[in-house]
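Visitor: Following this line is work_5.txt, made up of compact mmCIF, C-alpha atoms:
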# COMPACT_ATOMS: atom_id res chain seq x y z
CA MET D 1418 35.86 10.78 -15.75
CA LYS D 1419 34.85 14.07 -14.17
CA LEU D 1420 37.09 17.08 -14.46
CA SER D 1421 37.98 19.27 -11.51
CA GLY D 1422 36.71 22.83 -11.38
CA GLU D 1423 40.17 24.09 -12.33
CA LEU D 1424 40.28 21.92 -15.45
CA LYS D 1425 36.74 22.95 -16.43
CA ALA D 1426 37.83 26.57 -16.16
CA PHE D 1427 40.86 25.72 -18.30
CA GLU D 1428 38.56 24.20 -20.94
CA ALA D 1429 36.74 27.52 -21.04
CA ARG D 1430 40.01 29.43 -21.42
CA ILE D 1431 41.05 27.42 -24.46
CA GLY D 1432 37.56 27.22 -25.93
CA HIS D 1433 37.35 23.42 -26.16
CA HIS D 1434 35.11 21.05 -24.20
CA PHE D 1435 36.63 17.56 -24.12
CA ALA D 1436 34.44 14.63 -25.10
CA ASP D 1437 37.14 12.47 -23.50
CA PRO D 1438 38.27 14.31 -20.34
CA ALA D 1439 41.03 11.75 -19.77
CA LEU D 1440 42.95 13.29 -22.66
CA LEU D 1441 43.11 16.65 -20.92
CA VAL D 1442 44.13 15.05 -17.64
CA CYS D 1443 46.94 13.22 -19.43
CA ALA D 1444 48.04 16.41 -21.22
CA VAL D 1445 48.58 18.28 -17.93
CA THR D 1446 50.26 15.37 -16.11
CA HIS D 1447 54.05 15.64 -15.91
CA SER D 1448 56.24 12.54 -15.75
CA SER D 1449 57.35 13.53 -12.23
CA VAL D 1450 53.92 12.49 -10.87
CA GLY D 1451 54.91 8.85 -11.22
CA SER D 1452 51.57 7.31 -10.22
CA PRO D 1453 51.28 3.61 -11.15
CA GLY D 1454 49.10 3.16 -14.22
CA ARG D 1455 48.81 6.89 -14.92
CA GLU D 1456 50.00 8.16 -18.27
CA ASP D 1457 52.02 11.36 -18.46
CA ASN D 1458 52.07 13.89 -21.27
CA GLN D 1459 55.29 12.89 -23.05
CA ARG D 1460 53.65 10.98 -25.91
CA LEU D 1461 51.08 13.73 -26.41
CA GLU D 1462 53.88 16.30 -26.46
CA PHE D 1463 55.53 14.38 -29.32
CA LEU D 1464 52.30 14.42 -31.34
CA GLY D 1465 51.43 18.02 -30.50
CA ASP D 1466 54.77 19.27 -31.76
CA ARG D 1467 53.99 17.80 -35.19
CA VAL D 1468 50.44 19.14 -35.29
CA LEU D 1469 51.64 22.61 -34.30
CA GLY D 1470 54.31 22.54 -36.99
CA LEU D 1471 51.87 21.56 -39.73
CA VAL D 1472 49.30 24.20 -38.80
CA LEU D 1473 51.83 27.01 -38.55
CA SER D 1474 53.59 25.98 -41.77
CA GLU D 1475 50.26 26.24 -43.57
CA ALA D 1476 49.46 29.57 -41.89
CA LEU D 1477 52.79 31.09 -42.94
CA LEU D 1478 52.33 29.94 -46.54
CA ASP D 1479 48.85 31.46 -46.64
CA GLN D 1480 50.11 34.69 -45.08
CA ASP D 1481 52.83 35.31 -47.67
CA LEU D 1482 52.29 33.70 -51.07
CA GLU D 1483 55.63 34.94 -52.42
CA ALA D 1484 58.00 34.13 -49.55
CA SER D 1485 60.83 31.72 -50.24
CA GLU D 1486 61.71 28.75 -48.07
CA GLY D 1487 64.67 30.73 -46.77
CA GLN D 1488 62.34 33.50 -45.60
CA LEU D 1489 59.71 31.17 -44.16
CA ALA D 1490 62.05 28.94 -42.15
CA PRO D 1491 63.17 31.54 -39.57
CA ARG D 1492 59.59 32.74 -39.13
CA PHE D 1493 58.49 29.17 -38.53
CA ASN D 1494 61.28 28.57 -36.03
CA ALA D 1495 60.32 31.71 -34.11
CA LEU D 1496 56.72 30.52 -33.82
CA VAL D 1497 57.31 26.90 -32.76
CA ARG D 1498 60.32 27.22 -30.46
CA LYS D 1499 59.89 26.21 -26.83
CA GLU D 1500 59.99 29.80 -25.58
CA THR D 1501 57.01 30.74 -27.74
CA CYS D 1502 55.04 27.67 -26.66
CA ALA D 1503 55.75 28.57 -23.03
CA ASP D 1504 54.63 32.17 -23.59
CA VAL D 1505 51.33 30.94 -25.03
CA ALA D 1506 50.97 28.56 -22.07
CA ARG D 1507 51.38 31.48 -19.67
CA GLU D 1508 48.70 33.47 -21.48
CA ILE D 1509 46.14 30.70 -20.84
CA ASP D 1510 47.50 30.03 -17.32
CA LEU D 1511 48.37 26.44 -18.15
CA GLY D 1512 50.81 26.30 -15.24
CA ALA D 1513 47.93 26.56 -12.77
CA VAL D 1514 46.52 23.18 -13.84
CA LEU D 1515 49.74 21.20 -14.29
CA ARG D 1516 49.95 17.98 -12.27
CA LEU D 1517 53.47 17.76 -10.92
CA GLY D 1518 55.43 15.52 -8.60
CA ARG D 1519 56.63 16.88 -5.29
CA SER D 1520 60.16 17.62 -6.53
CA GLU D 1521 58.89 19.67 -9.46
CA MET D 1522 56.38 21.46 -7.27
CA LEU D 1523 59.10 22.51 -4.85
CA SER D 1524 61.44 23.63 -7.62
CA GLY D 1525 58.89 25.96 -9.23
CA GLY D 1526 57.80 23.63 -12.01
CA ARG D 1527 54.65 25.60 -12.78
CA ARG D 1528 56.85 28.46 -14.00
CA LYS D 1529 59.51 26.44 -15.83
CA GLN D 1530 59.76 27.23 -19.50
CA ALA D 1531 60.46 23.66 -20.62
CA LEU D 1532 57.54 22.19 -18.66
CA LEU D 1533 55.13 24.85 -19.89
CA GLY D 1534 56.24 24.48 -23.50
CA ASP D 1535 55.96 20.70 -23.41
CA ALA D 1536 52.53 20.84 -21.75
CA MET D 1537 51.29 23.33 -24.37
CA GLU D 1538 52.21 20.89 -27.12
CA ALA D 1539 50.50 18.09 -25.18
CA VAL D 1540 47.29 20.12 -24.89
CA ILE D 1541 47.32 20.66 -28.67
CA ALA D 1542 47.65 16.91 -29.17
CA ALA D 1543 44.85 16.26 -26.68
CA VAL D 1544 42.49 18.52 -28.64
CA TYR D 1545 43.59 16.85 -31.89
CA SER D 1546 42.97 13.37 -30.45
CA ASP D 1547 39.65 14.44 -28.97
CA ALA D 1548 38.10 16.28 -31.91
CA GLY D 1549 40.34 16.03 -34.98
CA PHE D 1550 42.63 18.26 -36.99
CA GLU D 1551 40.25 21.16 -37.57
CA ALA D 1552 39.63 21.58 -33.84
CA ALA D 1553 43.39 21.59 -33.18
CA ARG D 1554 43.94 23.99 -36.05
CA ASP D 1555 41.31 26.38 -34.71
CA LEU D 1556 42.91 26.26 -31.25
CA ILE D 1557 46.40 26.97 -32.58
CA LEU D 1558 45.32 29.84 -34.82
CA ARG D 1559 43.35 31.34 -31.93
CA LEU D 1560 46.31 31.20 -29.57
CA TRP D 1561 49.08 31.97 -32.08
CA GLY D 1562 47.13 34.29 -34.39
CA LYS D 1563 48.69 37.58 -33.35
CA ARG D 1564 52.14 36.03 -33.45
CA VAL D 1565 51.64 34.73 -36.99
CA ALA D 1566 50.44 38.18 -38.06
CA GLN D 1567 53.35 39.98 -36.41
CA VAL D 1568 56.25 37.59 -37.03
CA LYS D 1569 59.04 39.55 -38.65
CA GLY D 1570 60.14 38.93 -42.20
CA ASP D 1571 63.57 38.14 -40.83
CA ALA D 1572 62.86 36.20 -37.65
CA ARG D 1573 66.35 34.90 -37.08
CA ASP D 1574 67.17 34.71 -33.42
CA ALA D 1575 69.65 37.29 -32.17
CA LYS D 1576 72.52 34.83 -31.70
CA THR D 1577 72.25 33.71 -35.33
CA ALA D 1578 72.06 37.29 -36.57
CA LEU D 1579 75.11 38.30 -34.51
CA GLN D 1580 77.11 35.33 -35.75
CA GLU D 1581 76.27 36.17 -39.36
CA TRP D 1582 77.24 39.82 -38.73
CA ALA D 1583 80.64 38.69 -37.45
CA GLN D 1584 81.23 36.18 -40.26
CA ALA D 1585 80.38 38.77 -42.91
CA ARG D 1586 83.27 40.84 -41.54
CA GLY D 1587 85.75 37.98 -41.37
CA MET D 1588 85.54 37.62 -37.61
CA PRO D 1589 85.27 34.42 -35.58
CA PRO D 1590 81.89 33.66 -33.98
CA PRO D 1591 80.87 35.65 -30.90
CA GLU D 1592 81.81 34.29 -27.49
CA TYR D 1593 79.28 33.89 -24.67
CA VAL D 1594 80.62 34.00 -21.13
CA GLU D 1595 78.66 33.32 -17.96
CA LEU D 1596 79.50 36.18 -15.60
CA SER D 1597 77.37 35.14 -12.66
CA ARG D 1598 74.49 33.05 -11.40
CA SER D 1599 72.29 34.22 -8.55
CA GLY D 1600 68.96 33.42 -6.92
CA PRO D 1601 67.59 30.13 -5.56
CA ASP D 1602 67.83 26.86 -7.48
CA HIS D 1603 64.16 26.98 -8.46
CA ALA D 1604 64.46 30.52 -9.87
CA PRO D 1605 68.06 31.17 -10.96
CA VAL D 1606 69.21 34.34 -12.71
CA PHE D 1607 72.09 34.06 -15.18
CA THR D 1608 74.18 37.01 -16.34
CA ILE D 1609 75.87 36.41 -19.70
CA ALA D 1610 78.22 38.55 -21.76
CA ALA D 1611 78.28 38.39 -25.57
CA ARG D 1612 81.70 39.38 -26.90
CA LEU D 1613 83.24 39.96 -30.33
CA GLU D 1614 86.87 39.68 -31.36
CA THR D 1615 87.00 43.49 -31.58
CA GLY D 1616 86.31 43.74 -27.85
CA ALA D 1617 82.75 44.98 -28.31
CA GLN D 1618 80.45 43.36 -25.78
CA SER D 1619 77.09 43.57 -24.04
CA GLN D 1620 75.64 41.66 -21.15
CA ALA D 1621 72.16 40.65 -20.01
CA SER D 1622 70.44 38.67 -17.28
CA ALA D 1623 67.57 36.17 -17.52
CA GLY D 1624 66.13 33.05 -15.93
CA SER D 1625 67.94 30.67 -18.28
CA LYS D 1626 71.31 30.71 -20.02
CA ARG D 1627 69.65 30.58 -23.44
CA GLN D 1628 67.46 33.59 -22.70
CA ALA D 1629 70.38 35.55 -21.27
CA GLU D 1630 72.56 34.75 -24.31
CA GLN D 1631 69.79 35.87 -26.67
CA ALA D 1632 69.25 39.06 -24.71
CA ALA D 1633 72.99 39.81 -24.66
CA ALA D 1634 73.21 39.19 -28.41
CA THR D 1635 70.23 41.50 -28.99
CA ALA D 1636 71.85 44.25 -26.94
CA LEU D 1637 75.18 43.87 -28.75
CA LEU D 1638 73.49 43.98 -32.17
CA ALA D 1639 71.69 47.17 -31.16
CA SER D 1640 74.97 48.77 -30.06
CA LEU D 1641 76.63 47.81 -33.36
CA GLU D 1642 73.82 49.43 -35.33
CA ASP D 1643 74.46 52.66 -33.44
CA VAL D 1644 78.14 52.73 -34.40
Will you turn the file into structure tokens for me?
Guide:
Amino acid sequence: MKLSGELKAFEARIGHHFADPALLVCAVTHSSVGSPGREDNQRLEFLGDRVLGLVLSEALLDQDLEASEGQLAPRFNALVRKETCADVAREIDLGAVLRLGRSEMLSGGRRKQALLGDAMEAVIAAVYSDAGFEAARDLILRLWGKRVAQVKGDARDAKTALQEWAQARGMPPPEYVELSRSGPDHAPVFTIAARLETGAQSQASAGSKRQAEQAAATALLASLEDV
């Protein structure tokens, strides 16, 4: 199988030349394509998630020889969550080479966080299947290296941190309220308010409810620290 010019350029971006080009084609093929006899990237995504987790677990252990499991777990979660995978995918312009069905193309699939994150995991699995664990490990550490080095000692997401702040003061968990949704279906913008029992609140907007909730929680935590 011959790769297109776009996929050859993608190989160069990730620093891996595929002995079996079909693996890369499969990794960038979304299930929406639906061509008879063509595999999509769902099985590779499943494998890539596990390879990514193993490599980053090892990297975190090597980085901090004295950290406890309780300290390592939130750092790990910050590195492997779908948002991080999607951010890495954007850095290597993975969206440009995704093979999508018409419906996903029209709905902005190349920019969707879930699709990018899943495809990033599939690419990791494709490299692993093509050249073994060391090649996949090298790829992951190349792409995630700065994130591993900079991950905070307390990498809890903002919603978790805000909930723990409230519980420590005998309050019920924060409430998240959708204030509005705007923009077209393929690029919505959600505005969410994070509220505490005391009446303290902050709001934020983002392209997904999860991102908006996290941003609102971050803003509310910052305001509480200033009190």
Visitor: Atom CA of D:Asp1535 to atom CA of D:Val1606: how many Å, to one decimal?
Guide: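 So the answer is 21.8 Å.
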Visitor: Can I get the residues of stretch 1434-1509 of chain D within 10 Å of stretch 1551-1554 of chain D, each with the closest pair of atoms and their distance in Å to one decimal, using only C-alpha atoms, sorted chain first then ascending number, as JSON lines?
Guide:
{"residue": "D:Gly1465", "atom": "CA", "partner": "D:Ala1553", "partner_atom": "CA", "distance": 9.2}
{"residue": "D:Val1468", "atom": "CA", "partner": "D:Ala1553", "partner_atom": "CA", "distance": 7.8}
{"residue": "D:Leu1469", "atom": "CA", "partner": "D:Arg1554", "partner_atom": "CA", "distance": 8.0}
{"residue": "D:Leu1471", "atom": "CA", "partner": "D:Arg1554", "partner_atom": "CA", "distance": 9.1}
{"residue": "D:Val1472", "atom": "CA", "partner": "D:Arg1554", "partner_atom": "CA", "distance": 6.0}
{"residue": "D:Leu1473", "atom": "CA", "partner": "D:Arg1554", "partner_atom": "CA", "distance": 8.8}
{"residue": "D:Ala1476", "atom": "CA", "partner": "D:Arg1554", "partner_atom": "CA", "distance": 9.8}
Visitor: Please determine the residues with any atom at most 12 Å from (62.5, 18.2, -23.5) (coordinates as given in the file, with only C-alpha atoms counting) and report them as a list in words.
Guide: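 Neighbouring residues, ordered by chain and number, come to His1447, Ser1448, Asn1458, Gln1459, Arg1460, Glu1462, Phe1463, Asp1466, Arg1498, Lys1499, Lys1529, Gln1530, Ala1531, Leu1532, Leu1533, Gly1534, Asp1535, Ala1536 and Glu1538 of chain D.
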Visitor: Report, in Å with one decimal, the straight-line distance from atom CA of D:Ser1546 to atom CA of D:Val1505.
Guide: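 Between atom CA of D:Ser1546 and atom CA of D:Val1505 the gap is 20.2 Å.
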Visitor: Using all atoms listed in the file, which residue out of D:Val1442, D:Gln1620, D:Ala1566, D:Ala1575 lies closest to D:Asp1481?
Guide: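 Looking at the shortest contact to D:Asp1481, the residue is D:Ala1566.
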Visitor: Any chance you could model N, CA and C atoms for stretch 1501-1532 of chain D and send them as a tab-separated table (two decimals), in the coordinates of the input?
Guide:
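And here is the file that came out, selection-v5.tsv:
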chain	number	residue	atom	x	y	z
D	1501	THR	N	58.30	30.25	-27.27
D	1501	THR	CA	57.01	30.74	-27.74
D	1501	THR	C	55.87	29.89	-27.19
D	1502	CYS	N	56.05	28.57	-27.21
D	1502	CYS	CA	55.04	27.67	-26.66
D	1502	CYS	C	54.80	27.98	-25.18
D	1503	ALA	N	55.88	28.25	-24.46
D	1503	ALA	CA	55.75	28.57	-23.03
D	1503	ALA	C	55.04	29.90	-22.83
D	1504	ASP	N	55.31	30.88	-23.69
D	1504	ASP	CA	54.63	32.17	-23.59
D	1504	ASP	C	53.13	32.01	-23.80
D	1505	VAL	N	52.74	31.19	-24.78
D	1505	VAL	CA	51.33	30.94	-25.03
D	1505	VAL	C	50.71	30.24	-23.82
D	1506	ALA	N	51.45	29.28	-23.26
D	1506	ALA	CA	50.97	28.56	-22.07
D	1506	ALA	C	50.71	29.52	-20.92
D	1507	ARG	N	51.58	30.50	-20.75
D	1507	ARG	CA	51.38	31.48	-19.67
D	1507	ARG	C	50.12	32.32	-19.91
D	1508	GLU	N	49.86	32.63	-21.16
D	1508	GLU	CA	48.70	33.47	-21.48
D	1508	GLU	C	47.39	32.77	-21.13
D	1509	ILE	N	47.36	31.44	-21.19
D	1509	ILE	CA	46.14	30.70	-20.84
D	1509	ILE	C	46.26	30.09	-19.45
D	1510	ASP	N	47.27	30.49	-18.70
D	1510	ASP	CA	47.50	30.03	-17.32
D	1510	ASP	C	47.52	28.51	-17.24
D	1511	LEU	N	48.25	27.89	-18.15
D	1511	LEU	CA	48.37	26.44	-18.15
D	1511	LEU	C	49.11	25.94	-16.92
D	1512	GLY	N	50.05	26.71	-16.42
D	1512	GLY	CA	50.81	26.30	-15.24
D	1512	GLY	C	49.94	26.03	-14.04
D	1513	ALA	N	48.81	26.72	-13.94
D	1513	ALA	CA	47.93	26.56	-12.77
D	1513	ALA	C	47.30	25.18	-12.70
D	1514	VAL	N	47.20	24.48	-13.84
D	1514	VAL	CA	46.52	23.18	-13.84
D	1514	VAL	C	47.48	22.01	-14.05
D	1515	LEU	N	48.78	22.28	-14.12
D	1515	LEU	CA	49.74	21.20	-14.29
D	1515	LEU	C	49.74	20.28	-13.08
D	1516	ARG	N	49.83	18.97	-13.33
D	1516	ARG	CA	49.95	17.98	-12.27
D	1516	ARG	C	51.41	17.57	-12.18
D	1517	LEU	N	52.03	17.94	-11.08
D	1517	LEU	CA	53.47	17.76	-10.92
D	1517	LEU	C	53.79	16.91	-9.70
D	1518	GLY	N	54.93	16.23	-9.76
D	1518	GLY	CA	55.43	15.52	-8.60
D	1518	GLY	C	55.97	16.50	-7.57
D	1519	ARG	N	56.21	16.01	-6.38
D	1519	ARG	CA	56.63	16.88	-5.29
D	1519	ARG	C	57.91	17.64	-5.62
D	1520	SER	N	58.88	16.96	-6.24
D	1520	SER	CA	60.16	17.62	-6.53
D	1520	SER	C	59.96	18.78	-7.49
D	1521	GLU	N	59.14	18.60	-8.51
D	1521	GLU	CA	58.89	19.67	-9.46
D	1521	GLU	C	58.07	20.80	-8.84
D	1522	MET	N	57.16	20.43	-7.97
D	1522	MET	CA	56.38	21.46	-7.27
D	1522	MET	C	57.29	22.36	-6.46
D	1523	LEU	N	58.22	21.74	-5.72
D	1523	LEU	CA	59.10	22.51	-4.85
D	1523	LEU	C	60.12	23.34	-5.62
D	1524	SER	N	60.43	22.91	-6.83
D	1524	SER	CA	61.44	23.63	-7.62
D	1524	SER	C	60.82	24.63	-8.60
D	1525	GLY	N	59.54	24.94	-8.40
D	1525	GLY	CA	58.89	25.96	-9.23
D	1525	GLY	C	58.50	25.49	-10.60
D	1526	GLY	N	58.11	24.21	-10.72
D	1526	GLY	CA	57.80	23.63	-12.01
D	1526	GLY	C	56.70	24.33	-12.79
D	1527	ARG	N	55.76	24.93	-12.09
D	1527	ARG	CA	54.65	25.60	-12.78
D	1527	ARG	C	55.12	26.82	-13.59
D	1528	ARG	N	56.32	27.29	-13.29
D	1528	ARG	CA	56.85	28.46	-14.00
D	1528	ARG	C	57.97	28.09	-14.98
D	1529	LYS	N	58.37	26.83	-15.00
D	1529	LYS	CA	59.51	26.44	-15.83
D	1529	LYS	C	59.14	26.46	-17.31
D	1530	GLN	N	60.01	27.08	-18.08
D	1530	GLN	CA	59.76	27.23	-19.50
D	1530	GLN	C	59.61	25.89	-20.21
D	1531	ALA	N	60.50	24.95	-19.93
D	1531	ALA	CA	60.46	23.66	-20.62
D	1531	ALA	C	59.17	22.91	-20.31
D	1532	LEU	N	58.76	22.90	-19.04
D	1532	LEU	CA	57.54	22.19	-18.66
D	1532	LEU	C	56.31	22.83	-19.29
